[in-house]
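J.: Dropping a structure here in structure tokens format, bear with me for questions.
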Amino acid sequence: PKKYGVIGNPIGHSKSPLIHQAFARQTGIELSYAAILAPLDEFVATVTQFRQEGGRGLNVTVPFKHEAYAYCAELSDRARQAGAVNTLIFPDNDEAPVRGDNTDGVGLMRDLSYHDIPVKGRRVLLIGAGGAARGVLGPLCAAEPAEIRVANRRGETAVQLIRDYAEHEQVQTSVMLRACALDQFPEDELSFDLIINATSASLGGQRPAVPDTVFSPHTIAYDMAYGSEPTVFMTWAESLGARALDGLGMLVEQAAESFYQWHGVQPKTDEVRALLRHTLV
Ligand code: ATR
């Protein structure tokens, strides 16, 4: 079977093997898909070895998405815009260029559609300005919200994220883009329709310190993290009346898009969402 995998550090808890194997069963495509731990300073060596062993493609996760970007000789527009690669596509021919794609943004947007969450014309708060936030800013803008506020613990990183986005070739947007530091929200801030937690705070059992006033009973609070229990961010949002969702659907949808890029077949995500939810309990 064709060889695929996910590379990261740590990698032990990755759900990607389960998801891709489920897609393979569903579509009748024969493949192997492994979780590959790369030492922090050996991303390129580990990828090279995987290719030499006949590997056809890799998903890339924390902390290698930037190194993967630098590794690619060819990039999709969305990978270039994100400045990060989560999907490596290796050509059959060793001489041909390695192609990099980023399916995180489309994963988020498809999960929002799946839950019937509108973005067009809405006020969106994107919390965080690291790799995860960078990957979704472009696709969020393309959905034409009225406003996107990027708030980060270190405010200057949020400013930089917006600046980089605005300077990106061909970016023309009518969306009002603003940046601020988490501890410098205006006192009289209005609530947002959609609040996306793209920080890594949930992984450490913490939540980003945004003021309570950004939530209202019509707010959707979306955490890119997921687990067997709701995250601290989700519980907090719910206590303020908001509806909270975790990032499990985004994970499945980004995997589905990677699967499509590799195999040319778009898998159905419903049953895999259910399977994954089941394994988390
Ligand atoms: P990722 O690829 O998950 O985005 P990253 O690029 O390291 O990882 O970015 C982590 C993000 O989470 C950053 O926006 C970080 O804020 P700073 O830029 O100020 O460091 C944010 N973050 C991490 N822990 C946080 C916490 N406890 N509260 C608020 N923000 C946090």
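Every chain in the structure tokens takes a letter, A first, then B, and so on in the order presented; its residues are numbered from 1, and the ligands are numbered from 1 following the presented order.
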Could you pull out all residues of segment 95-252 of chain A with a DSSP call of strand (DSSP E or B) and give them as a VMD selection string?

T.: chain A and resid 99 to 101 123 to 127 147 to 152 176 to 181 194 to 197 220 to 223 243 to 245

J.: Could you write those residues out with C-alpha atoms, as a CSV table (one decimal), in the first residue's frame?

T.:
chain,number,residue,atom,x,y,z
A,99,ARG,CA,4.4,20.4,-3.0
A,100,GLY,CA,3.1,22.0,0.2
A,101,ASP,CA,-0.5,22.7,1.1
A,123,ARG,CA,-18.3,40.3,14.0
A,124,VAL,CA,-15.5,37.7,14.5
A,125,LEU,CA,-12.9,37.7,17.3
A,126,LEU,CA,-9.9,35.6,16.6
A,127,ILE,CA,-7.8,35.0,19.7
A,147,GLU,CA,-15.0,42.6,11.1
A,148,ILE,CA,-12.2,40.4,12.3
A,149,ARG,CA,-10.5,41.5,15.5
A,150,VAL,CA,-7.3,39.6,16.2
A,151,ALA,CA,-6.4,39.7,20.0
A,152,ASN,CA,-3.2,38.2,21.3
A,176,MET,CA,-12.5,45.6,8.9
A,177,LEU,CA,-9.3,44.1,10.3
A,178,ARG,CA,-8.1,45.2,13.7
A,179,ALA,CA,-5.5,44.0,16.2
A,180,CYS,CA,-5.2,44.4,20.0
A,181,ALA,CA,-3.5,43.0,23.0
A,194,LEU,CA,-18.2,34.3,16.6
A,195,ILE,CA,-15.1,33.9,18.9
A,196,ILE,CA,-12.4,31.5,17.9
A,197,ASN,CA,-9.8,30.4,20.3
A,220,ILE,CA,-20.7,31.1,19.2
A,221,ALA,CA,-17.4,30.2,21.0
A,222,TYR,CA,-15.2,27.9,19.0
A,223,ASP,CA,-12.1,26.3,20.5
A,243,ARG,CA,-22.9,28.2,22.6
A,244,ALA,CA,-19.5,26.4,22.6
A,245,LEU,CA,-17.9,24.0,20.1

J.: Can you pull out every residue with an atom within 6 Å of ligand 1? Use only C-alpha atoms and all ligand atoms and format it as a PyMOL selection string.

T.: chain A and resi 128-133+152-154+199-201+206-208

J.: So the first atom is atom CA of Ala146 of chain A and the second is atom CA of Thr219 of chain A; what is the distance between them in Å, to one decimal place?

T.: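 Separation between atom CA of Ala146 of chain A and atom CA of Thr219 of chain A: 15.0 Å.
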
J.: Could the residues of segment 119-238 of chain A that have an atom at most 10 Å from segment 68-91 of chain A be listed as a tab-separated table, each with its closest atom pair and the distance in Å to one decimal, counting only C-alpha atoms and ordered by chain and ascending residue number?

T.:
residue	atom	partner	partner_atom	distance
A:Gly131	CA	A:Ala84	CA	7.1
A:Ala132	CA	A:Ala82	CA	9.0
A:Ala133	CA	A:Ala82	CA	8.8
A:Arg134	CA	A:Ala82	CA	5.4
A:Gly135	CA	A:Ala82	CA	4.5
A:Val136	CA	A:Ala82	CA	7.4
A:Leu137	CA	A:Ala82	CA	7.9
A:Gly138	CA	A:Gln81	CA	7.0
A:Pro139	CA	A:Arg78	CA	8.4
A:Asp164	CA	A:Gln81	CA	9.0
A:Tyr165	CA	A:Gln81	CA	7.4
A:His168	CA	A:Gln81	CA	6.8
A:Glu169	CA	A:Gln81	CA	8.6
A:Val171	CA	A:Gln81	CA	9.3

J.: Segment 247-259 of chain A: which residues within 10 Å, counting only C-alpha atoms, same-chain residues fewer than 3 positions away excluded, as a PyMOL selection string?

T.: chain A and resi 15-17+19-20+23-24+57-59+86-89+101-112+114-115+196-198+222-227+262-270+272-274+276-277

J.: Would you export the selected residues with N, CA and C atoms as a compact mmCIF listing (two decimals), in the first residue's frame, please?

T.:
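The file below, again.txt, is the result:
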# COMPACT_ATOMS: atom_id res chain seq x y z
N LYS A 15 -4.59 11.96 16.35
CA LYS A 15 -5.76 11.21 15.87
C LYS A 15 -5.70 11.00 14.36
N SER A 16 -4.70 11.57 13.71
CA SER A 16 -4.65 11.51 12.25
C SER A 16 -4.59 10.08 11.70
N PRO A 17 -3.79 9.16 12.31
CA PRO A 17 -3.80 7.79 11.77
C PRO A 17 -5.21 7.18 11.76
N ILE A 19 -8.08 8.72 11.68
CA ILE A 19 -8.94 9.41 10.71
C ILE A 19 -8.63 8.94 9.29
N HIS A 20 -7.34 8.94 8.93
CA HIS A 20 -6.98 8.57 7.55
C HIS A 20 -7.27 7.10 7.26
N PHE A 23 -10.95 6.94 6.59
CA PHE A 23 -11.25 7.43 5.23
C PHE A 23 -10.86 6.38 4.19
N ALA A 24 -9.73 5.70 4.43
CA ALA A 24 -9.24 4.70 3.47
C ALA A 24 -10.25 3.54 3.37
N GLY A 57 3.26 10.98 1.11
CA GLY A 57 2.76 12.25 1.64
C GLY A 57 2.79 12.26 3.15
N LEU A 58 2.90 13.46 3.71
CA LEU A 58 2.90 13.61 5.17
C LEU A 58 2.00 14.75 5.61
N ASN A 59 1.30 14.53 6.68
CA ASN A 59 0.72 15.65 7.40
C ASN A 59 1.77 16.15 8.38
N ASN A 86 0.72 22.12 6.32
CA ASN A 86 0.32 20.95 7.13
C ASN A 86 0.19 19.70 6.27
N THR A 87 0.43 19.84 4.95
CA THR A 87 0.30 18.70 4.05
C THR A 87 1.44 18.71 3.04
N LEU A 88 2.25 17.68 3.06
CA LEU A 88 3.33 17.54 2.08
C LEU A 88 2.92 16.50 1.05
N ILE A 89 3.13 16.83 -0.21
CA ILE A 89 2.79 15.91 -1.29
C ILE A 89 4.08 15.58 -2.04
N ASP A 101 0.86 22.17 1.01
CA ASP A 101 -0.49 22.74 1.06
C ASP A 101 -0.84 23.03 2.52
N ASN A 102 -1.87 23.81 2.75
CA ASN A 102 -2.36 24.03 4.10
C ASN A 102 -3.87 23.87 4.10
N THR A 103 -4.35 22.85 4.81
CA THR A 103 -5.79 22.54 4.78
C THR A 103 -6.49 22.95 6.08
N ASP A 104 -5.75 23.61 6.99
CA ASP A 104 -6.34 23.99 8.28
C ASP A 104 -7.49 24.99 8.11
N GLY A 105 -7.27 25.98 7.25
CA GLY A 105 -8.28 27.04 7.07
C GLY A 105 -9.56 26.48 6.50
N VAL A 106 -9.43 25.66 5.46
CA VAL A 106 -10.62 25.08 4.84
C VAL A 106 -11.29 24.14 5.85
N GLY A 107 -10.48 23.49 6.69
CA GLY A 107 -11.03 22.61 7.73
C GLY A 107 -11.93 23.38 8.68
N LEU A 108 -11.48 24.54 9.13
CA LEU A 108 -12.31 25.37 10.02
C LEU A 108 -13.59 25.82 9.30
N MET A 109 -13.43 26.31 8.06
CA MET A 109 -14.59 26.86 7.36
C MET A 109 -15.64 25.77 7.10
N ARG A 110 -15.19 24.56 6.76
CA ARG A 110 -16.15 23.46 6.53
C ARG A 110 -16.82 23.04 7.82
N ASP A 111 -16.09 23.10 8.93
CA ASP A 111 -16.72 22.73 10.19
C ASP A 111 -17.76 23.79 10.59
N LEU A 112 -17.46 25.05 10.33
CA LEU A 112 -18.45 26.10 10.63
C LEU A 112 -19.71 25.89 9.79
N TYR A 114 -20.73 23.06 8.56
CA TYR A 114 -21.35 21.83 9.05
C TYR A 114 -22.29 22.15 10.21
N HIS A 115 -21.88 23.10 11.05
CA HIS A 115 -22.70 23.48 12.21
C HIS A 115 -23.62 24.67 11.90
N ILE A 196 -13.21 32.73 18.14
CA ILE A 196 -12.41 31.53 17.86
C ILE A 196 -11.16 31.54 18.72
N ASN A 197 -11.00 30.52 19.53
CA ASN A 197 -9.79 30.40 20.34
C ASN A 197 -8.73 29.64 19.56
N ALA A 198 -7.77 30.38 19.00
CA ALA A 198 -6.67 29.76 18.24
C ALA A 198 -5.38 29.81 19.04
N TYR A 222 -15.80 29.06 19.66
CA TYR A 222 -15.21 27.91 18.99
C TYR A 222 -13.77 27.73 19.47
N ASP A 223 -13.48 26.59 20.05
CA ASP A 223 -12.12 26.31 20.49
C ASP A 223 -11.48 25.34 19.50
N MET A 224 -10.33 25.69 18.96
CA MET A 224 -9.67 24.77 18.02
C MET A 224 -9.17 23.52 18.73
N ALA A 225 -9.04 23.59 20.05
CA ALA A 225 -8.61 22.41 20.81
C ALA A 225 -9.82 21.48 21.03
N TYR A 226 -9.55 20.24 21.47
CA TYR A 226 -10.62 19.29 21.75
C TYR A 226 -10.09 18.28 22.74
N GLY A 227 -10.99 17.55 23.34
CA GLY A 227 -10.58 16.53 24.29
C GLY A 227 -11.81 15.78 24.75
N TRP A 262 -4.23 14.18 -1.73
CA TRP A 262 -3.38 13.02 -2.03
C TRP A 262 -4.04 12.04 -2.98
N HIS A 263 -5.33 11.78 -2.76
CA HIS A 263 -5.98 10.64 -3.45
C HIS A 263 -7.01 11.06 -4.48
N GLY A 264 -7.36 12.35 -4.52
CA GLY A 264 -8.35 12.82 -5.50
C GLY A 264 -9.77 12.38 -5.18
N VAL A 265 -9.99 11.91 -3.96
CA VAL A 265 -11.32 11.47 -3.54
C VAL A 265 -11.70 12.23 -2.28
N GLN A 266 -12.90 12.79 -2.26
CA GLN A 266 -13.34 13.55 -1.08
C GLN A 266 -14.11 12.60 -0.15
N PRO A 267 -13.55 12.24 1.00
CA PRO A 267 -14.26 11.32 1.88
C PRO A 267 -15.42 12.00 2.60
N LYS A 268 -16.37 11.20 3.07
CA LYS A 268 -17.47 11.74 3.87
C LYS A 268 -16.99 11.84 5.32
N THR A 269 -17.35 12.92 5.97
CA THR A 269 -16.78 13.14 7.30
C THR A 269 -17.72 12.76 8.44
N ASP A 270 -19.01 12.58 8.17
CA ASP A 270 -19.98 12.34 9.27
C ASP A 270 -19.59 11.16 10.16
N VAL A 272 -16.83 9.60 10.47
CA VAL A 272 -15.53 9.71 11.11
C VAL A 272 -15.60 10.70 12.29
N ARG A 273 -16.43 11.73 12.16
CA ARG A 273 -16.69 12.61 13.31
C ARG A 273 -17.21 11.78 14.49
N ALA A 274 -18.18 10.93 14.19
CA ALA A 274 -18.81 10.14 15.25
C ALA A 274 -17.81 9.15 15.86
N LEU A 276 -14.58 9.38 15.99
CA LEU A 276 -13.56 10.08 16.77
C LEU A 276 -14.12 10.53 18.11
N ARG A 277 -15.32 11.05 18.09
CA ARG A 277 -15.97 11.50 19.34
C ARG A 277 -16.06 10.32 20.30

J.: When you look at segment 30-39 of chain A with a cut-off of 10 Å (counting only C-alpha atoms), what residues show up, excluding the ones that are within fewer than 6 positions of it in the same chain? I need them as a PyMOL selection string.

T.: chain A and resi 1-21+24+45-47+50+55-60+64

J.: For Lys120 of chain A, find every residue with an atom within 10 Å (counting only C-alpha atoms), except residues of its own chain fewer than 6 positions away, and show them as number ranges by chain.

T.: A: 140-147, 175

J.: Which residue is closest to Gly121 of chain A? Choose from A:Phe192, A:Phe215, A:Phe233, A:Phe43 and count only C-alpha atoms.

T.: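 The shortest atom-to-atom distance to Gly121 of chain A comes from A:Phe192.
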
J.: As an exercise, work out the distance from atom CA of Met234 of chain A to atom CA of Pro211 of chain A in Å and give it to one decimal place.

T.: 14.4 Å

J.: Quick one: everything within 12 Å of Asp188 of chain A, counting only C-alpha atoms, minus sequence neighbours fewer than 2 positions away in the same chain. Send it as a ChimeraX atom specification.

T.: /A:184-186,190-191,211-214

J.: With C-alpha atoms kept, could you save the residues just selected as a CSV table (one decimal), in the first residue's frame?

T.:
chain,number,residue,atom,x,y,z
A,184,GLN,CA,-6.1,46.1,26.1
A,185,PHE,CA,-9.7,45.5,25.0
A,186,PRO,CA,-11.8,48.7,25.0
A,190,LEU,CA,-19.5,45.0,22.2
A,191,SER,CA,-20.0,41.3,22.1
A,211,PRO,CA,-13.1,40.3,29.0
A,212,ASP,CA,-16.5,38.6,29.8
A,213,THR,CA,-18.3,41.3,27.8
A,214,VAL,CA,-17.2,39.9,24.5

J.: Check the DSSP output for the backbone and give back, as a ChimeraX atom specification, the residues of segment 4-124 of chain A in alpha helix (DSSP H).

T.: /A:16-27,43-52,65-71,77-82,104-114

J.: Of the residues A:Glu189, A:Asp92, A:Glu53, A:Glu67, which is the one nearest to Leu40 of chain A, using only C-alpha atoms?

T.: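 Among A:Glu189, A:Asp92, A:Glu53, A:Glu67, it is A:Glu67 that comes nearest to Leu40 of chain A.
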